[in-house]
Amino acid sequence: MKKNMRVVMKMQHNGVIVDMKQRVSDIALAISWRELSRTYFDKSASWFYHKMDGIDGNGGDGGFNEDETQQLKFALIDLSNRIRKCADSI
């Protein structure tokens, strides 16, 4: 049985989302974030993991800006469509 969890959204003053890891926690272990970062962002896994942790590459505050957030949303929707298509073919 799945618990209903309320996710509190955090943003920095400049609109950067710093709690993305918490927001995607339900699917975090089911996805290869390394492949997602390469396929949809053309970035390294370390870049993506830093973004997920809300830090920049130098250890300071960071996270996903508005464009990157939309890009991640598109990537997850595209991946979900691909999974659905695969399931439908079984």
# chains A, B, ... in the order shown; residues from 1 in each chain; ligands from 1
$ select_by_dssp --residues "chain A" --states "strand (DSSP E or B)" --output "PyMOL selection string"
chain A and resi 11+17+55+61+64
$ write_last_selection --atoms "N, CA, C and O atoms" --output "compact mmCIF listing (two decimals), in the first residue's frame"
# COMPACT_ATOMS: atom_id res chain seq x y z
N MET A 11 11.94 26.61 -3.38
CA MET A 11 12.60 27.33 -4.46
C MET A 11 13.51 28.38 -3.83
O MET A 11 13.21 28.91 -2.78
N ILE A 17 14.73 25.54 -8.57
CA ILE A 17 14.17 24.48 -7.74
C ILE A 17 15.32 23.69 -7.13
O ILE A 17 16.16 23.15 -7.84
N ILE A 55 22.69 21.64 -5.62
CA ILE A 55 23.98 22.32 -5.50
C ILE A 55 24.56 22.56 -6.89
O ILE A 55 24.20 21.88 -7.85
N ASP A 61 24.99 26.81 -3.73
CA ASP A 61 23.57 26.62 -4.02
C ASP A 61 23.35 26.51 -5.52
O ASP A 61 23.96 27.22 -6.30
N PHE A 64 17.65 23.27 -10.42
CA PHE A 64 17.11 23.36 -11.77
C PHE A 64 16.47 24.73 -11.99
O PHE A 64 15.56 25.11 -11.25
$ closest_atom_pairs --of "region 19-62 of chain A" --to "region 80-87 of chain A" --cutoff "12 Å" --atoms "only C-alpha atoms" --output "Markdown table"
| residue | atom | partner | partner_atom | distance |
| --- | --- | --- | --- | --- |
| A:Ile27 | CA | A:Ser80 | CA | 11.2 |
| A:Ala30 | CA | A:Ser80 | CA | 11.8 |
| A:Ile31 | CA | A:Ser80 | CA | 10.7 |
$ select_by_dssp --residues "region 5-77 of chain A" --states "alpha helix (DSSP H)" --output "list in words"
Met20, Lys21, Gln22, Arg23, Trp33, Arg34, Glu35, Leu36, Ala45, Ser46, Trp47, Phe48, Tyr49, His50, Lys51, Met52, Asp53, Glu66, Asp67, Glu68, Thr69, Gln70, Gln71, Leu72, Lys73, Phe74, Ala75, Leu76 and Ile77 of chain A
$ residues_around --residues "Gly63 (chain A)" --least-positions-apart "3" --cutoff "10 Å" --atoms "only C-alpha atoms" --output "PDB file with N, CA, C and O atoms, in the first residue's frame"
ATOM      1  N   MET A  11      11.939  26.610  -3.380  1.00  0.00           N
ATOM      2  CA  MET A  11      12.604  27.329  -4.459  1.00  0.00           C
ATOM      3  C   MET A  11      13.513  28.378  -3.834  1.00  0.00           C
ATOM      4  O   MET A  11      13.213  28.914  -2.780  1.00  0.00           O
ATOM      5  N   GLN A  12      14.601  28.645  -4.514  1.00  0.00           N
ATOM      6  CA  GLN A  12      15.437  29.749  -4.103  1.00  0.00           C
ATOM      7  C   GLN A  12      14.781  31.033  -4.576  1.00  0.00           C
ATOM      8  O   GLN A  12      13.839  31.008  -5.364  1.00  0.00           O
ATOM      9  N   GLY A  15      14.038  31.559  -8.346  1.00  0.00           N
ATOM     10  CA  GLY A  15      13.196  30.626  -9.076  1.00  0.00           C
ATOM     11  C   GLY A  15      13.825  29.278  -9.366  1.00  0.00           C
ATOM     12  O   GLY A  15      13.264  28.485 -10.101  1.00  0.00           O
ATOM     13  N   VAL A  16      14.986  29.003  -8.799  1.00  0.00           N
ATOM     14  CA  VAL A  16      15.664  27.729  -9.015  1.00  0.00           C
ATOM     15  C   VAL A  16      15.091  26.697  -8.042  1.00  0.00           C
ATOM     16  O   VAL A  16      14.973  26.945  -6.854  1.00  0.00           O
ATOM     17  N   ILE A  17      14.731  25.544  -8.572  1.00  0.00           N
ATOM     18  CA  ILE A  17      14.174  24.483  -7.741  1.00  0.00           C
ATOM     19  C   ILE A  17      15.323  23.691  -7.130  1.00  0.00           C
ATOM     20  O   ILE A  17      16.164  23.150  -7.843  1.00  0.00           O
ATOM     21  N   VAL A  18      15.353  23.625  -5.804  1.00  0.00           N
ATOM     22  CA  VAL A  18      16.444  22.963  -5.105  1.00  0.00           C
ATOM     23  C   VAL A  18      16.033  21.652  -4.444  1.00  0.00           C
ATOM     24  O   VAL A  18      16.861  20.980  -3.843  1.00  0.00           O
ATOM     25  N   ASP A  19      14.778  21.267  -4.555  1.00  0.00           N
ATOM     26  CA  ASP A  19      14.316  20.027  -3.920  1.00  0.00           C
ATOM     27  C   ASP A  19      13.807  19.008  -4.943  1.00  0.00           C
ATOM     28  O   ASP A  19      12.914  18.223  -4.656  1.00  0.00           O
ATOM     29  N   MET A  20      14.407  19.001  -6.130  1.00  0.00           N
ATOM     30  CA  MET A  20      13.947  18.103  -7.187  1.00  0.00           C
ATOM     31  C   MET A  20      14.073  16.644  -6.772  1.00  0.00           C
ATOM     32  O   MET A  20      13.212  15.824  -7.091  1.00  0.00           O
ATOM     33  N   LYS A  21      15.124  16.317  -6.036  1.00  0.00           N
ATOM     34  CA  LYS A  21      15.328  14.935  -5.596  1.00  0.00           C
ATOM     35  C   LYS A  21      14.137  14.452  -4.773  1.00  0.00           C
ATOM     36  O   LYS A  21      13.684  13.324  -4.934  1.00  0.00           O
ATOM     37  N   PHE A  48      23.991  16.235 -13.488  1.00  0.00           N
ATOM     38  CA  PHE A  48      22.594  15.995 -13.168  1.00  0.00           C
ATOM     39  C   PHE A  48      22.395  15.736 -11.678  1.00  0.00           C
ATOM     40  O   PHE A  48      21.482  16.266 -11.067  1.00  0.00           O
ATOM     41  N   TYR A  49      23.263  14.914 -11.097  1.00  0.00           N
ATOM     42  CA  TYR A  49      23.130  14.610  -9.667  1.00  0.00           C
ATOM     43  C   TYR A  49      23.328  15.853  -8.806  1.00  0.00           C
ATOM     44  O   TYR A  49      22.661  16.018  -7.787  1.00  0.00           O
ATOM     45  N   HIS A  50      24.237  16.729  -9.205  1.00  0.00           N
ATOM     46  CA  HIS A  50      24.385  18.004  -8.487  1.00  0.00           C
ATOM     47  C   HIS A  50      23.089  18.814  -8.556  1.00  0.00           C
ATOM     48  O   HIS A  50      22.647  19.383  -7.561  1.00  0.00           O
ATOM     49  N   LYS A  51      22.496  18.862  -9.733  1.00  0.00           N
ATOM     50  CA  LYS A  51      21.220  19.566  -9.892  1.00  0.00           C
ATOM     51  C   LYS A  51      20.155  18.958  -8.985  1.00  0.00           C
ATOM     52  O   LYS A  51      19.397  19.666  -8.329  1.00  0.00           O
ATOM     53  N   MET A  52      20.087  17.623  -8.969  1.00  0.00           N
ATOM     54  CA  MET A  52      19.097  16.931  -8.145  1.00  0.00           C
ATOM     55  C   MET A  52      19.300  17.235  -6.666  1.00  0.00           C
ATOM     56  O   MET A  52      18.338  17.327  -5.907  1.00  0.00           O
ATOM     57  N   ASP A  53      20.567  17.383  -6.263  1.00  0.00           N
ATOM     58  CA  ASP A  53      20.878  17.661  -4.859  1.00  0.00           C
ATOM     59  C   ASP A  53      20.766  19.141  -4.510  1.00  0.00           C
ATOM     60  O   ASP A  53      20.967  19.525  -3.355  1.00  0.00           O
ATOM     61  N   GLY A  54      20.487  19.984  -5.505  1.00  0.00           N
ATOM     62  CA  GLY A  54      20.321  21.415  -5.251  1.00  0.00           C
ATOM     63  C   GLY A  54      21.612  22.158  -5.026  1.00  0.00           C
ATOM     64  O   GLY A  54      21.640  23.175  -4.343  1.00  0.00           O
ATOM     65  N   ILE A  55      22.690  21.645  -5.619  1.00  0.00           N
ATOM     66  CA  ILE A  55      23.980  22.323  -5.501  1.00  0.00           C
ATOM     67  C   ILE A  55      24.556  22.557  -6.888  1.00  0.00           C
ATOM     68  O   ILE A  55      24.197  21.883  -7.846  1.00  0.00           O
ATOM     69  N   ASP A  56      25.468  23.516  -6.988  1.00  0.00           N
ATOM     70  CA  ASP A  56      26.148  23.708  -8.261  1.00  0.00           C
ATOM     71  C   ASP A  56      27.429  22.877  -8.260  1.00  0.00           C
ATOM     72  O   ASP A  56      27.754  22.214  -7.275  1.00  0.00           O
ATOM     73  N   GLY A  60      28.190  25.101  -4.126  1.00  0.00           N
ATOM     74  CA  GLY A  60      27.303  26.178  -3.690  1.00  0.00           C
ATOM     75  C   GLY A  60      25.852  25.850  -3.984  1.00  0.00           C
ATOM     76  O   GLY A  60      25.507  24.749  -4.407  1.00  0.00           O
ATOM     77  N   GLU A  66      14.249  27.377 -14.504  1.00  0.00           N
ATOM     78  CA  GLU A  66      12.940  27.171 -15.140  1.00  0.00           C
ATOM     79  C   GLU A  66      13.045  26.355 -16.435  1.00  0.00           C
ATOM     80  O   GLU A  66      12.260  25.434 -16.665  1.00  0.00           O
ATOM     81  N   GLU A  68      15.467  24.250 -17.350  1.00  0.00           N
ATOM     82  CA  GLU A  68      15.880  22.882 -17.026  1.00  0.00           C
ATOM     83  C   GLU A  68      14.734  22.095 -16.397  1.00  0.00           C
ATOM     84  O   GLU A  68      14.592  20.895 -16.656  1.00  0.00           O
ATOM     85  N   THR A  69      13.917  22.765 -15.612  1.00  0.00           N
ATOM     86  CA  THR A  69      12.755  22.110 -15.019  1.00  0.00           C
ATOM     87  C   THR A  69      11.790  21.656 -16.109  1.00  0.00           C
ATOM     88  O   THR A  69      11.287  20.530 -16.071  1.00  0.00           O
TER      89      THR A  69
END
$ atom_distance --atom1 "CA of Asp88 (chain A)" --atom2 "CA of Gln71 (chain A)"
25.6 Å
$ residues_around --residues "Thr39 (chain A)" --least-positions-apart "4" --cutoff "12 Å" --atoms "only C-alpha atoms" --output "JSON, numbers by chain"
{"A": [32, 33, 34, 35, 43, 44, 45, 48, 71, 72, 74, 75, 76, 78, 79]}
$ write_last_selection --atoms "all heavy atoms" --output "CSV table (one decimal), in the first residue's frame"
chain,number,residue,atom,x,y,z
A,32,SER,N,17.3,5.3,-14.7
A,32,SER,CA,18.7,5.6,-14.9
A,32,SER,C,18.9,7.1,-15.1
A,32,SER,O,18.7,7.5,-16.2
A,32,SER,CB,19.3,4.8,-16.0
A,32,SER,OG,20.6,5.2,-16.3
A,33,TRP,N,19.2,7.8,-14.1
A,33,TRP,CA,19.4,9.2,-14.2
A,33,TRP,C,20.6,9.6,-15.1
A,33,TRP,O,20.6,10.6,-15.7
A,33,TRP,CB,19.5,9.9,-12.8
A,33,TRP,CG,18.2,9.7,-12.0
A,33,TRP,CD1,18.1,8.9,-10.9
A,33,TRP,CD2,17.0,10.3,-12.2
A,33,TRP,NE1,16.8,8.9,-10.5
A,33,TRP,CE2,16.1,9.8,-11.2
A,33,TRP,CE3,16.5,11.2,-13.2
A,33,TRP,CZ2,14.7,10.2,-11.1
A,33,TRP,CZ3,15.1,11.6,-13.1
A,33,TRP,CH2,14.3,11.1,-12.1
A,34,ARG,N,21.6,8.7,-15.1
A,34,ARG,CA,22.7,8.9,-15.9
A,34,ARG,C,22.3,8.9,-17.4
A,34,ARG,O,22.7,9.8,-18.2
A,34,ARG,CB,23.7,7.8,-15.7
A,34,ARG,CG,25.0,7.8,-16.5
A,34,ARG,CD,26.0,6.7,-16.2
A,34,ARG,NE,25.4,5.4,-16.5
A,34,ARG,CZ,25.4,4.8,-17.7
A,34,ARG,NH1,26.0,5.4,-18.8
A,34,ARG,NH2,24.9,3.6,-17.9
A,35,GLU,N,21.5,7.9,-17.8
A,35,GLU,CA,21.0,7.9,-19.2
A,35,GLU,C,20.1,9.0,-19.5
A,35,GLU,O,20.1,9.6,-20.6
A,35,GLU,CB,20.3,6.5,-19.5
A,35,GLU,CG,21.3,5.4,-19.5
A,35,GLU,CD,22.3,5.5,-20.6
A,35,GLU,OE1,22.0,6.0,-21.7
A,35,GLU,OE2,23.5,5.2,-20.3
A,43,LYS,N,24.3,16.1,-20.9
A,43,LYS,CA,25.2,16.5,-19.8
A,43,LYS,C,25.6,15.2,-19.1
A,43,LYS,O,25.1,14.2,-19.2
A,43,LYS,CB,24.4,17.4,-18.8
A,43,LYS,CG,23.9,18.7,-19.3
A,43,LYS,CD,25.0,19.7,-19.5
A,43,LYS,CE,24.5,21.0,-19.9
A,43,LYS,NZ,25.5,22.0,-20.0
A,44,SER,N,26.7,15.4,-18.2
A,44,SER,CA,27.2,14.3,-17.5
A,44,SER,C,26.3,13.9,-16.3
A,44,SER,O,25.5,14.7,-15.9
A,44,SER,CB,28.6,14.6,-16.9
A,44,SER,OG,28.5,15.6,-15.9
A,45,ALA,N,26.5,12.7,-15.8
A,45,ALA,CA,25.7,12.2,-14.7
A,45,ALA,C,26.0,13.1,-13.4
A,45,ALA,O,25.1,13.4,-12.7
A,45,ALA,CB,26.0,10.8,-14.4
A,48,PHE,N,24.0,16.2,-13.5
A,48,PHE,CA,22.6,16.0,-13.2
A,48,PHE,C,22.4,15.7,-11.7
A,48,PHE,O,21.5,16.3,-11.1
A,48,PHE,CB,22.1,14.8,-14.0
A,48,PHE,CG,20.6,14.7,-13.9
A,48,PHE,CD1,19.8,15.5,-14.7
A,48,PHE,CD2,20.0,13.8,-13.1
A,48,PHE,CE1,18.4,15.3,-14.7
A,48,PHE,CE2,18.6,13.7,-13.0
A,48,PHE,CZ,17.8,14.4,-13.8
A,71,GLN,N,12.6,21.1,-19.2
A,71,GLN,CA,13.3,20.0,-19.9
A,71,GLN,C,13.2,18.7,-19.2
A,71,GLN,O,12.9,17.6,-19.8
A,71,GLN,CB,14.7,20.4,-20.1
A,71,GLN,CG,15.5,19.6,-21.1
A,71,GLN,CD,16.9,20.2,-21.5
A,71,GLN,OE1,17.2,21.2,-21.0
A,71,GLN,NE2,17.6,19.5,-22.3
A,72,LEU,N,13.3,18.7,-17.9
A,72,LEU,CA,13.1,17.5,-17.1
A,72,LEU,C,11.7,16.9,-17.2
A,72,LEU,O,11.5,15.7,-17.3
A,72,LEU,CB,13.5,17.7,-15.6
A,72,LEU,CG,13.4,16.5,-14.7
A,72,LEU,CD1,14.2,15.3,-15.2
A,72,LEU,CD2,13.8,16.9,-13.3
A,74,PHE,N,9.6,17.4,-19.7
A,74,PHE,CA,9.5,16.8,-21.0
A,74,PHE,C,10.1,15.4,-21.0
A,74,PHE,O,9.6,14.5,-21.6
A,74,PHE,CB,10.1,17.7,-22.1
A,74,PHE,CG,10.3,17.0,-23.4
A,74,PHE,CD1,9.2,16.8,-24.2
A,74,PHE,CD2,11.5,16.4,-23.7
A,74,PHE,CE1,9.3,16.1,-25.4
A,74,PHE,CE2,11.6,15.7,-24.9
A,74,PHE,CZ,10.5,15.6,-25.8
A,75,ALA,N,11.3,15.3,-20.4
A,75,ALA,CA,12.0,14.0,-20.4
A,75,ALA,C,11.2,12.9,-19.7
A,75,ALA,O,11.1,11.8,-20.2
A,75,ALA,CB,13.4,14.2,-19.8
A,76,LEU,N,10.6,13.2,-18.6
A,76,LEU,CA,9.9,12.3,-17.8
A,76,LEU,C,8.6,11.9,-18.6
A,76,LEU,O,8.2,10.7,-18.6
A,76,LEU,CB,9.5,12.8,-16.4
A,76,LEU,CG,10.8,12.9,-15.5
A,76,LEU,CD1,10.4,13.6,-14.2
A,76,LEU,CD2,11.4,11.6,-15.2
A,78,ASP,N,8.2,12.0,-21.9
A,78,ASP,CA,8.6,11.2,-23.0
A,78,ASP,C,8.9,9.8,-22.6
A,78,ASP,O,8.5,8.8,-23.2
A,78,ASP,CB,9.8,11.9,-23.7
A,78,ASP,CG,10.2,11.1,-25.0
A,78,ASP,OD1,9.4,11.0,-25.9
A,78,ASP,OD2,11.4,10.7,-25.0
A,79,LEU,N,9.6,9.7,-21.5
A,79,LEU,CA,10.0,8.3,-21.0
A,79,LEU,C,8.7,7.6,-20.6
A,79,LEU,O,8.6,6.4,-20.9
A,79,LEU,CB,10.9,8.5,-19.8
A,79,LEU,CG,11.5,7.2,-19.2
A,79,LEU,CD1,12.2,6.4,-20.3
A,79,LEU,CD2,12.4,7.5,-18.1
$ atom_distance --atom1 "CA of Ile90 (chain A)" --atom2 "CA of Ile77 (chain A)"
20.4 Å
